[in-house]
Each structure stands twice: as C-alpha cells, then as structure tokens.
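Notes for the one structure printed next.
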Amino acid sequence: MSTKILVLILLAGILALLLALFQYAYKSKIKGKRAWILTTLRFVTYFSIFVLLINPKFDSVTYYNEKPNLVIAVDNSESIKYLNQSQNTSAFIKTLKANKDLNENFNLEFYRFGKELSATDSLTFDDKQSNLALVFERLSEVYNNSISPTLIISDGNQTYGNDYAYMTKRYKQSIFPVILGDTTTYTDIKIQQLNVNRYAYLKNKFPVEVIATYNGNAAVNTQLKVTAGTTTVFSKPLTFSKSQTSQIINFTLPANRVGVTSYKAQVVPLDNEKNTINNIKNFAVEVIDQKTNVAIVTDILHPDVGTLKKSIESNEQRNADILSTIEFLNKSADYQLVIVYQPTNNFRALFNEIDKLKLNKIVVAGTKTNWSLLNQLQSNYKQEQTNQSEEYQPSLNQNYGTFIVDNLNFGEFPPLKGAFGETSFTVPFETILYKTVNGTQLDEPLLATLEINEKREALILGEGLWRWRAQAYLNENSFNTFDNFIGKLVQYLSTNKRRTRLNVNYESFYNGNDNVKITAQFFNKNYEFETNVNLNITLKNKETDAVTSFPFVLKNSNYEVDLSGLEAGDYTFTVKVNSENISKSGELKILDYNVEQQFLNANVAKLQTLATNSDGTSYFIDNVATIANDLINDSRFATIQKSTKKVVPLIDWKYLLGLIALSLAAEWFIRKYNGLI
C-alpha cells in the first residue's frame, strides 16, 4: 500500500473523529457513557464510508500444490497383439491406475495411438499402422509448458510417419519407454521393401525392385519367386550369410493385359523361420493402353511452368512437355490437352491450331498476359484492361459440382497475382475458387471451368501456383494433395465424355494398409449438387460371394464411405441412389498385406536411444514396480507449491458494508431507546 493511501486513511480517521465529536460532544445534551458509545458508533460509520471512498487495494495470496502430469501413451497397433503383448499391456495399465502412491504424486493422463493419437485408456490393439512421430508432435502442443514425464508403452516399431528418433528436439519432456517384446534374435529372411510403379502401359515392360534382408549367422540359400495366380513370372536364387545380409533384386515384367494384375513376391522360407508372413508381399499394377499427353506452351520463364509439369507427371498415366508456340505447332497432334501459360503476342497461331484440332485447354493468366490479344482470340470471357495488378487469395466454392474437389485449406494459401479488373463471361461457367481481397470474398472466379460445344476449358486468373504447391507441402509434408487437385482438373479437361448425374471416385486397387475410401457426388436434373439423397454401396467378394452394404456420409460437397475394414480380395460394387433408378458399378481390389505383422522383435535399441536423448530411462514391461518407484523418487517430478497473488480492492470486502450497516443500526436503536429521536 502506497504512502499516499496511508496518509488519506489517516486524514479520513481524523475527519471521522472530528465529525463524531462535533455531533455528540460539542454543545450536545447527551452526556456520560451514552455520548461516548454514540460517538464511537458514528466514528465507525464515517471512517468506514471514507475508507470505502478512498478504496485502498490489498494483496490476497493463496497457496496450492501442483502435481506434475504423467503422460501415458500406449501403442494400440496390431503388432502388440502379434508379439503376444496385449495381455501384459492391459495388466500394466491396470497396475498404474491402481498404484496409490503414483496417483498421489502425478496426474495420470492416458492416450492410445496407432496411425492417430486419441485421449483414452481403452485398448483394442487393432490399428493397422503405428505413427510414433505423431505422438510426440501432438503431445508437444499440450505439455511443453508443464512438467510432464512421458511413458511410451510400445514395441518401438513404426510403420508410418517421420522417424520418431529425432522428435525429442520438439518434445521437451523426459521420455520413459516401456518396451513390449523380447530381445531374442531369431533367424529370419524377409522382403524389406518392394518398389513398383502403380501403372504400366500395354505391351511395355515395367520395372520391379525387391529388397530382401537376412538376420542370422549361418550361410543360407533360398529363392525369390514372383507369381501371377498360379504362374511363376520370375524367379532367382538368393544366398545370404552373416556378412551378406541384404540383396537388391531388379527385374522387369511384361504388361500384356489391360486392367489390374495382382502379383505375389515371396522369398522361400527357411526351415527354422519363426515369422514367415514377412516373406511375402503382394502388389498390383494397372495396365492401361493409352497415356494422356499434355502440352505446356509458354514463351516466358516462370516457376509455375515446372510446378505444373511435376504435378501432372506425378500420375504415371500422364506426360507433360514444356514447349514454345513454334514447337507445339510442329507436333500439335500428339497432345490431348494444352496449357496456355500467359499468352503473349506470339499465341495467335496457337489458338487457331487449338480450335482447329478441337483440343481442350487451360489458360493461365498473370502479370505478363497480353489481355488485349486474349480478348480478341476467344469470345468466352473478357477481361477489363486497367494495366494494374492485384493479389488474390483463393476461397473454395463448396457448391462446385462438376467433379470432386478436396479442400486443401485454400484460405491459408499465398495469393496469386493477376490483372486488376472484372472478368466477365459470355458463356455458362462454374467457379472452383473465388477471388478474395483483404479478407473479402468477391463474386468473381479465380479458377473456373466452362463447357461449350463439346469442348472444355479452365481459366486460372493469376500466377504463383508454385507457392501453392510449396504451401501444400508445408501443411501436409507431401505434395500429393496439390498434385491430386491439378490431376483432377487435368483428368476432367482431357476427356469430352458427357457429364453424368452420379460421379464415383475410387482407385482400381488399394494396398492392405491404405485407407479404402470412396467418394461420390449426385446432381439433380439441373446438375445442381444434391445434399438430401441416400447413397449406398453394395460390395460382393468375388471369391466368397459375401455381400455387404454401407451408406455414404455427406462431407461438404462429397458423399464418402470408409471401407477400411474390408478383408483383402477382389470386389465388384454398385453405388445406388435410393430415391431414383440411377447407379454406377465398378471393380476394386484390396491387396493382402499387414505391415504390423512384419516384426519379430521390439526395436529395443531405438527406444533406448529415445530415452537417453530425453534424459529418461527405458524399461521392460515386467518392471512395473521399478518404474513407479523411479518416477516417484525422481526429484525432477516433485510436487510444486505455487501461489496466486490477487490485488483486491476494499470495496469488494462485504464485511465492511456489514459493519457500516451494523453501526448505523446500533446508533439508531440507542437513540430510539433513549427517546432522542
């Protein structure tokens, strides 16, 4: 409390005393003991009121104990069950919950993880993937500003995501791995990795790379066999020893039949192998009889050009060539789609050739585009010419229905730079992305598609697509989402097939650990996206004839169904609209492969390194008592007494108001009782 406040309180006390004495002592008829009692009560009233007017502030300090968190993340993947550790893990969790001393010293927070992380202590051990890196990434968002030692109960075998060994740089807590599994070394041969392209072209040969590894001491002989059905299409003898523990086998297979062909690669097991599941890997290749050739025509150098080429060629079914206008005119018949990048004065002959061949096109306009010429060369749209530029951020049109567009968080993407002014269309068009300026969405397209006279076209009104691809990588650690977006646009524009009311988007085959998701869109007779229909998919297993049905769920502008729980096999399916006689059929294949069954042991060395790098300790699952005692006795994780200091004004102190009321009431009663009122 400051000196100024103390002086004011002292003056308030003197003034209150003078007023009380003036009222009951100076020329007052009341004498004796009653006068002093009334003077005291009036002094209390005046002084309390004056102090309330001054309203001094006091410090209120409260003390409390804060226990550290004990974060317990449990591996819920199938490998735990496969290593016969599921019962041990469940018993370990029960023991932790029942440990009274541990609960008194820590706040226990339970998580389970597979491909994703969730806050729960319910364990099923049925996740198809394990992503330990994601565990530390998510926990760092919650616990980096607190004392939170972390138990990671896992076999340490990661099948998805970034390498978790380096995540301690992000996660600033001590990590105590509880290792599930034993350290016994078994003799084992397995296919460590198999690399093959998803697509091949008819009458060509496609390459296959198999990496086989051996764990053992004696020299052994085996054989690599690749079969398609009952036919062996490739075989090679292999020799391993203690010094030669891996081999890379490269070979090619012929693509003789259009469609999806399944193969099985197998390293013949040894007599004493414990795990023979990891000797086999199934793979499939889709053989197609044509390839989409895309011409990217430009007379300027820009990083967008390379970005478009990489995105288009991320799909093996497509090829993209960067050409000048003269180069394109010399071989224009080789292409099914043309990307016209920022047309300049040299593009007049190019547009004439595109119209002559009735090719579909994508026009990308930017700061170097000659809009005066472009307005003359086509009649579908006109750009207002201001000779000024503007930066436009994208905003997804959720109601776009020509094809399925995934939301890539476009609102976070950098802006494209294009011509300032309105773009007016003279033909019907559909907007994929709207322009947004300073957070305000304009009713003008940044990316639009149009379809007229059996020709399709897209217009992108800005340059800087390379920034979008880079941002997609920052968001997802992968270029796939942006490349798929460009791929769908190219797929739509490289065909002139009639638009259908029911569109189904799926892959011909899925690997065993993939998310098997199928998306669909349904339009009414005016080709407007319909949000109130019931779509169902019926699947039939070709081998067992088992039939299952699933409903689609509406998600934004798509209907989606998750079939990840299906068994491996060949399926025919039909997607049907319940309210109308409209359906679409297809076939898909799910390959038999479980990555979680490829491990024989826990990855002890990696978990121990993780503990060392984070100032923690590693344990095996049977050391329950040791783990609890070590954590309780670790001085780094002691309960901390903390205090909270609050500045409380006197006016909030209700007892003072009660004192004023009490003194006034007592004074009134005494005066009334003595007939002074």
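Letters for chains follow the order of the structure tokens (A, B, ...), residue numbers begin at 1 for each chain, and ligand numbers begin at 1 in the order shown.
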
Within 10 Å of range 381-389 of chain A, counting only C-alpha atoms, which residues show up once you throw out same-chain ones fewer than 5 positions away? Write them as a PDB file with N, CA, C and O atoms, in the first residue's frame, please.
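As a result, around24.pdb now contains:
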ATOM      1  N   GLY A 366      -1.579 -14.049 -66.060  1.00  0.00           N
ATOM      2  CA  GLY A 366      -0.841 -13.393 -64.986  1.00  0.00           C
ATOM      3  C   GLY A 366      -0.462 -11.979 -65.360  1.00  0.00           C
ATOM      4  O   GLY A 366      -1.102 -11.341 -66.206  1.00  0.00           O
ATOM      5  N   THR A 367       0.610 -11.513 -64.763  1.00  0.00           N
ATOM      6  CA  THR A 367       1.011 -10.118 -64.973  1.00  0.00           C
ATOM      7  C   THR A 367       1.607  -9.877 -66.353  1.00  0.00           C
ATOM      8  O   THR A 367       1.671  -8.742 -66.805  1.00  0.00           O
ATOM      9  N   ASN A 370      -1.014 -10.820 -72.308  1.00  0.00           N
ATOM     10  CA  ASN A 370      -1.494  -9.788 -73.231  1.00  0.00           C
ATOM     11  C   ASN A 370      -3.015  -9.914 -73.325  1.00  0.00           C
ATOM     12  O   ASN A 370      -3.542 -10.640 -74.170  1.00  0.00           O
ATOM     13  N   TRP A 371      -3.715  -9.234 -72.432  1.00  0.00           N
ATOM     14  CA  TRP A 371      -5.161  -9.358 -72.385  1.00  0.00           C
ATOM     15  C   TRP A 371      -5.829  -8.737 -73.610  1.00  0.00           C
ATOM     16  O   TRP A 371      -6.913  -9.172 -74.019  1.00  0.00           O
ATOM     17  N   SER A 372      -5.220  -7.758 -74.199  1.00  0.00           N
ATOM     18  CA  SER A 372      -5.798  -7.163 -75.407  1.00  0.00           C
ATOM     19  C   SER A 372      -5.904  -8.216 -76.505  1.00  0.00           C
ATOM     20  O   SER A 372      -6.927  -8.331 -77.190  1.00  0.00           O
ATOM     21  N   LEU A 374      -5.709 -11.615 -75.937  1.00  0.00           N
ATOM     22  CA  LEU A 374      -6.513 -12.737 -75.455  1.00  0.00           C
ATOM     23  C   LEU A 374      -8.000 -12.448 -75.584  1.00  0.00           C
ATOM     24  O   LEU A 374      -8.794 -13.347 -75.903  1.00  0.00           O
ATOM     25  N   ASN A 375      -8.409 -11.213 -75.355  1.00  0.00           N
ATOM     26  CA  ASN A 375      -9.814 -10.848 -75.539  1.00  0.00           C
ATOM     27  C   ASN A 375     -10.253 -11.003 -76.986  1.00  0.00           C
ATOM     28  O   ASN A 375     -11.422 -11.273 -77.271  1.00  0.00           O
ATOM     29  N   GLN A 376      -9.303 -10.839 -77.921  1.00  0.00           N
ATOM     30  CA  GLN A 376      -9.627 -10.972 -79.343  1.00  0.00           C
ATOM     31  C   GLN A 376      -9.658 -12.435 -79.790  1.00  0.00           C
ATOM     32  O   GLN A 376     -10.458 -12.817 -80.648  1.00  0.00           O
ATOM     33  N   LYS A 417      -1.099 -13.583 -58.271  1.00  0.00           N
ATOM     34  CA  LYS A 417      -1.031 -12.211 -58.780  1.00  0.00           C
ATOM     35  C   LYS A 417      -1.585 -12.178 -60.193  1.00  0.00           C
ATOM     36  O   LYS A 417      -1.126 -12.914 -61.069  1.00  0.00           O
ATOM     37  N   GLY A 418      -2.593 -11.347 -60.393  1.00  0.00           N
ATOM     38  CA  GLY A 418      -3.225 -11.258 -61.700  1.00  0.00           C
ATOM     39  C   GLY A 418      -3.644  -9.843 -62.019  1.00  0.00           C
ATOM     40  O   GLY A 418      -3.391  -8.897 -61.264  1.00  0.00           O
ATOM     41  N   ALA A 419      -4.331  -9.700 -63.156  1.00  0.00           N
ATOM     42  CA  ALA A 419      -4.753  -8.376 -63.620  1.00  0.00           C
ATOM     43  C   ALA A 419      -5.877  -7.836 -62.743  1.00  0.00           C
ATOM     44  O   ALA A 419      -6.781  -8.577 -62.338  1.00  0.00           O
ATOM     45  N   PHE A 420      -5.800  -6.559 -62.430  1.00  0.00           N
ATOM     46  CA  PHE A 420      -6.858  -5.894 -61.671  1.00  0.00           C
ATOM     47  C   PHE A 420      -8.001  -5.565 -62.624  1.00  0.00           C
ATOM     48  O   PHE A 420      -7.785  -5.069 -63.731  1.00  0.00           O
ATOM     49  N   GLY A 421      -9.212  -5.835 -62.177  1.00  0.00           N
ATOM     50  CA  GLY A 421     -10.372  -5.559 -63.011  1.00  0.00           C
ATOM     51  C   GLY A 421     -11.281  -6.766 -63.095  1.00  0.00           C
ATOM     52  O   GLY A 421     -10.903  -7.894 -62.772  1.00  0.00           O
ATOM     53  N   GLU A 422     -12.491  -6.540 -63.556  1.00  0.00           N
ATOM     54  CA  GLU A 422     -13.505  -7.594 -63.592  1.00  0.00           C
ATOM     55  C   GLU A 422     -13.347  -8.456 -64.837  1.00  0.00           C
ATOM     56  O   GLU A 422     -13.057  -7.962 -65.936  1.00  0.00           O
ATOM     57  N   THR A 423     -13.550  -9.761 -64.660  1.00  0.00           N
ATOM     58  CA  THR A 423     -13.583 -10.707 -65.777  1.00  0.00           C
ATOM     59  C   THR A 423     -15.032 -11.091 -66.007  1.00  0.00           C
ATOM     60  O   THR A 423     -15.681 -11.660 -65.130  1.00  0.00           O
ATOM     61  N   SER A 424     -15.553 -10.774 -67.180  1.00  0.00           N
ATOM     62  CA  SER A 424     -16.953 -11.069 -67.498  1.00  0.00           C
ATOM     63  C   SER A 424     -17.016 -12.242 -68.470  1.00  0.00           C
ATOM     64  O   SER A 424     -16.223 -12.334 -69.412  1.00  0.00           O
ATOM     65  N   PHE A 425     -17.952 -13.155 -68.219  1.00  0.00           N
ATOM     66  CA  PHE A 425     -18.102 -14.356 -69.045  1.00  0.00           C
ATOM     67  C   PHE A 425     -19.323 -14.211 -69.939  1.00  0.00           C
ATOM     68  O   PHE A 425     -20.372 -13.700 -69.514  1.00  0.00           O
ATOM     69  N   THR A 426     -19.189 -14.705 -71.148  1.00  0.00           N
ATOM     70  CA  THR A 426     -20.293 -14.665 -72.108  1.00  0.00           C
ATOM     71  C   THR A 426     -20.935 -16.033 -72.280  1.00  0.00           C
ATOM     72  O   THR A 426     -21.883 -16.179 -73.055  1.00  0.00           O
ATOM     73  N   VAL A 427     -20.407 -17.047 -71.584  1.00  0.00           N
ATOM     74  CA  VAL A 427     -20.944 -18.405 -71.656  1.00  0.00           C
ATOM     75  C   VAL A 427     -21.122 -18.910 -70.222  1.00  0.00           C
ATOM     76  O   VAL A 427     -20.516 -18.375 -69.291  1.00  0.00           O
ATOM     77  N   PHE A 429     -20.485 -20.843 -66.858  1.00  0.00           N
ATOM     78  CA  PHE A 429     -19.236 -21.307 -66.254  1.00  0.00           C
ATOM     79  C   PHE A 429     -19.513 -21.703 -64.813  1.00  0.00           C
ATOM     80  O   PHE A 429     -20.543 -21.346 -64.233  1.00  0.00           O
ATOM     81  N   LEU A 459      -9.915 -21.654 -66.692  1.00  0.00           N
ATOM     82  CA  LEU A 459      -9.254 -20.345 -66.678  1.00  0.00           C
ATOM     83  C   LEU A 459      -8.734 -20.081 -65.272  1.00  0.00           C
ATOM     84  O   LEU A 459      -9.490 -20.111 -64.304  1.00  0.00           O
ATOM     85  N   LEU A 461      -6.862 -17.191 -63.166  1.00  0.00           N
ATOM     86  CA  LEU A 461      -6.632 -15.757 -63.320  1.00  0.00           C
ATOM     87  C   LEU A 461      -5.550 -15.256 -62.369  1.00  0.00           C
ATOM     88  O   LEU A 461      -5.729 -14.286 -61.639  1.00  0.00           O
ATOM     89  N   GLY A 462      -4.411 -15.906 -62.374  1.00  0.00           N
ATOM     90  CA  GLY A 462      -3.311 -15.447 -61.531  1.00  0.00           C
ATOM     91  C   GLY A 462      -2.103 -16.351 -61.667  1.00  0.00           C
ATOM     92  O   GLY A 462      -2.216 -17.545 -61.962  1.00  0.00           O
TER      93      GLY A 462
END

(message) If we count only C-alpha atoms and set the cut-off at 7 Å, which residues sit around Thr261 in chain A, ignoring sequence neighbours fewer than 3 positions away in its own chain? Please answer as an MDAnalysis selection string.
(response) chainID A and resid 284:286

Write the residues of the preceding selection, restricted to all heavy atoms, as a PDB file, in the first residue's frame.
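Result file selection-v2.pdb:
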ATOM      1  N   ALA A 284       0.260 -54.984 -57.014  1.00  0.00           N
ATOM      2  CA  ALA A 284      -0.587 -54.969 -58.206  1.00  0.00           C
ATOM      3  C   ALA A 284      -0.157 -53.832 -59.114  1.00  0.00           C
ATOM      4  O   ALA A 284       0.410 -52.825 -58.659  1.00  0.00           O
ATOM      5  CB  ALA A 284      -2.058 -54.827 -57.826  1.00  0.00           C
ATOM      6  N   VAL A 285      -0.432 -54.007 -60.384  1.00  0.00           N
ATOM      7  CA  VAL A 285      -0.121 -52.989 -61.390  1.00  0.00           C
ATOM      8  C   VAL A 285      -1.327 -52.864 -62.304  1.00  0.00           C
ATOM      9  O   VAL A 285      -1.907 -53.878 -62.717  1.00  0.00           O
ATOM     10  CB  VAL A 285       1.133 -53.367 -62.208  1.00  0.00           C
ATOM     11  CG1 VAL A 285       1.347 -52.381 -63.345  1.00  0.00           C
ATOM     12  CG2 VAL A 285       2.355 -53.419 -61.317  1.00  0.00           C
ATOM     13  N   GLU A 286      -1.726 -51.629 -62.575  1.00  0.00           N
ATOM     14  CA  GLU A 286      -2.819 -51.393 -63.513  1.00  0.00           C
ATOM     15  C   GLU A 286      -2.235 -51.080 -64.885  1.00  0.00           C
ATOM     16  O   GLU A 286      -1.479 -50.108 -65.049  1.00  0.00           O
ATOM     17  CB  GLU A 286      -3.707 -50.243 -63.041  1.00  0.00           C
ATOM     18  CG  GLU A 286      -4.911 -50.018 -63.941  1.00  0.00           C
ATOM     19  CD  GLU A 286      -5.854 -48.948 -63.424  1.00  0.00           C
ATOM     20  OE1 GLU A 286      -5.599 -48.394 -62.342  1.00  0.00           O
ATOM     21  OE2 GLU A 286      -6.862 -48.675 -64.113  1.00  0.00           O
TER      22      GLU A 286
END

(request) Using only C-alpha atoms, pick whichever of A:Leu18, A:Leu535, A:Leu41, A:Val516 has the shortest atom-to-atom distance to Ile660 in chain A. (result)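 Result for the nearest residue to Ile660 in chain A: A:Leu41.
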
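If only C-alpha atoms are the atoms counted, then among A:Lys517, A:Lys540, A:Lys274, A:Lys576 the closest residue to Val561 in chain A is A:Lys517.
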
Mind listing the helix (DSSP H, G or I) residues of range 314-548 of chain A, per DSSP on the backbone, as a PDB file with C-alpha atoms, in the first residue's frame?
ATOM      1  CA  THR A 325       4.498 -21.889 -79.523  1.00  0.00           C
ATOM      2  CA  ILE A 326       6.569 -22.895 -82.575  1.00  0.00           C
ATOM      3  CA  GLU A 327       7.495 -26.282 -81.044  1.00  0.00           C
ATOM      4  CA  PHE A 328       3.846 -27.023 -80.273  1.00  0.00           C
ATOM      5  CA  LEU A 329       2.662 -26.154 -83.785  1.00  0.00           C
ATOM      6  CA  ASN A 330       5.142 -28.679 -85.220  1.00  0.00           C
ATOM      7  CA  SER A 332       0.224 -30.422 -82.045  1.00  0.00           C
ATOM      8  CA  ALA A 333      -1.475 -33.720 -82.980  1.00  0.00           C
ATOM      9  CA  ASP A 334       0.459 -35.536 -80.211  1.00  0.00           C
ATOM     10  CA  ASN A 345       1.736 -11.670 -78.930  1.00  0.00           C
ATOM     11  CA  ASN A 346       3.025 -14.956 -80.401  1.00  0.00           C
ATOM     12  CA  PHE A 347      -0.047 -17.001 -79.448  1.00  0.00           C
ATOM     13  CA  ARG A 348      -2.431 -16.138 -82.315  1.00  0.00           C
ATOM     14  CA  ALA A 349      -1.445 -19.160 -84.392  1.00  0.00           C
ATOM     15  CA  LEU A 350      -1.561 -21.366 -81.277  1.00  0.00           C
ATOM     16  CA  PHE A 351      -5.221 -20.530 -80.571  1.00  0.00           C
ATOM     17  CA  ASN A 352      -6.114 -21.138 -84.223  1.00  0.00           C
ATOM     18  CA  GLU A 353      -4.470 -24.580 -84.045  1.00  0.00           C
ATOM     19  CA  ILE A 354      -6.284 -25.459 -80.789  1.00  0.00           C
ATOM     20  CA  ASP A 355      -9.630 -24.506 -82.335  1.00  0.00           C
ATOM     21  CA  LYS A 356      -8.812 -26.455 -85.500  1.00  0.00           C
ATOM     22  CA  LEU A 357      -7.986 -29.647 -83.576  1.00  0.00           C
ATOM     23  CA  TRP A 371      -5.161  -9.358 -72.385  1.00  0.00           C
ATOM     24  CA  SER A 372      -5.798  -7.163 -75.407  1.00  0.00           C
ATOM     25  CA  LEU A 373      -4.859 -10.095 -77.657  1.00  0.00           C
ATOM     26  CA  LEU A 374      -6.513 -12.737 -75.455  1.00  0.00           C
ATOM     27  CA  ASN A 375      -9.814 -10.848 -75.539  1.00  0.00           C
ATOM     28  CA  GLN A 376      -9.627 -10.972 -79.343  1.00  0.00           C
ATOM     29  CA  LEU A 377      -8.606 -14.640 -79.689  1.00  0.00           C
ATOM     30  CA  PHE A 410      -7.104 -22.820 -49.678  1.00  0.00           C
ATOM     31  CA  GLY A 411      -7.726 -19.946 -47.274  1.00  0.00           C
ATOM     32  CA  GLU A 412      -4.166 -20.414 -45.936  1.00  0.00           C
ATOM     33  CA  LEU A 465       0.916 -21.697 -58.486  1.00  0.00           C
ATOM     34  CA  TRP A 466       4.389 -22.800 -57.352  1.00  0.00           C
ATOM     35  CA  ARG A 467       3.698 -21.133 -53.997  1.00  0.00           C
ATOM     36  CA  TRP A 468       0.537 -23.208 -53.630  1.00  0.00           C
ATOM     37  CA  ARG A 469       2.433 -26.451 -54.155  1.00  0.00           C
ATOM     38  CA  ALA A 470       5.041 -25.359 -51.593  1.00  0.00           C
ATOM     39  CA  GLN A 471       2.316 -24.430 -49.084  1.00  0.00           C
ATOM     40  CA  ALA A 472       0.637 -27.808 -49.578  1.00  0.00           C
ATOM     41  CA  TYR A 473       3.939 -29.450 -48.656  1.00  0.00           C
ATOM     42  CA  LEU A 474       4.252 -27.302 -45.523  1.00  0.00           C
ATOM     43  CA  ASN A 475       0.714 -28.268 -44.489  1.00  0.00           C
ATOM     44  CA  GLU A 476       0.877 -31.993 -45.263  1.00  0.00           C
ATOM     45  CA  ASN A 480       0.197 -35.216 -53.005  1.00  0.00           C
ATOM     46  CA  THR A 481      -2.811 -33.061 -52.115  1.00  0.00           C
ATOM     47  CA  PHE A 482      -1.902 -30.289 -54.569  1.00  0.00           C
ATOM     48  CA  ASP A 483      -0.845 -32.759 -57.266  1.00  0.00           C
ATOM     49  CA  ASN A 484      -4.168 -34.601 -56.899  1.00  0.00           C
ATOM     50  CA  PHE A 485      -6.016 -31.280 -57.238  1.00  0.00           C
ATOM     51  CA  ILE A 486      -4.216 -30.474 -60.503  1.00  0.00           C
ATOM     52  CA  GLY A 487      -4.627 -34.114 -61.570  1.00  0.00           C
ATOM     53  CA  LYS A 488      -8.409 -33.977 -61.227  1.00  0.00           C
ATOM     54  CA  LEU A 489      -8.516 -30.767 -63.247  1.00  0.00           C
ATOM     55  CA  VAL A 490      -6.387 -32.365 -65.979  1.00  0.00           C
ATOM     56  CA  GLN A 491      -8.487 -35.536 -65.920  1.00  0.00           C
ATOM     57  CA  TYR A 492     -11.687 -33.542 -66.408  1.00  0.00           C
ATOM     58  CA  LEU A 493     -10.224 -31.480 -69.246  1.00  0.00           C
TER      59      LEU A 493
END

(message) Between A:Thr239, A:Thr252, A:Gln342, A:Thr124, which residue has the minimum interatomic distance to Asn221 in chain A, considering only C-alpha atoms?
(response)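 Once distances to Asn221 in chain A are computed over only C-alpha atoms, the minimum belongs to A:Thr239.
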
(message) When you look at Phe106 in chain A with a cut-off of 8 Å (counting only C-alpha atoms), what residues show up, excluding the ones that are within fewer than 3 positions of it in the same chain? I need them as an MDAnalysis selection string.
(response) chainID A and resid 67:70 102:103
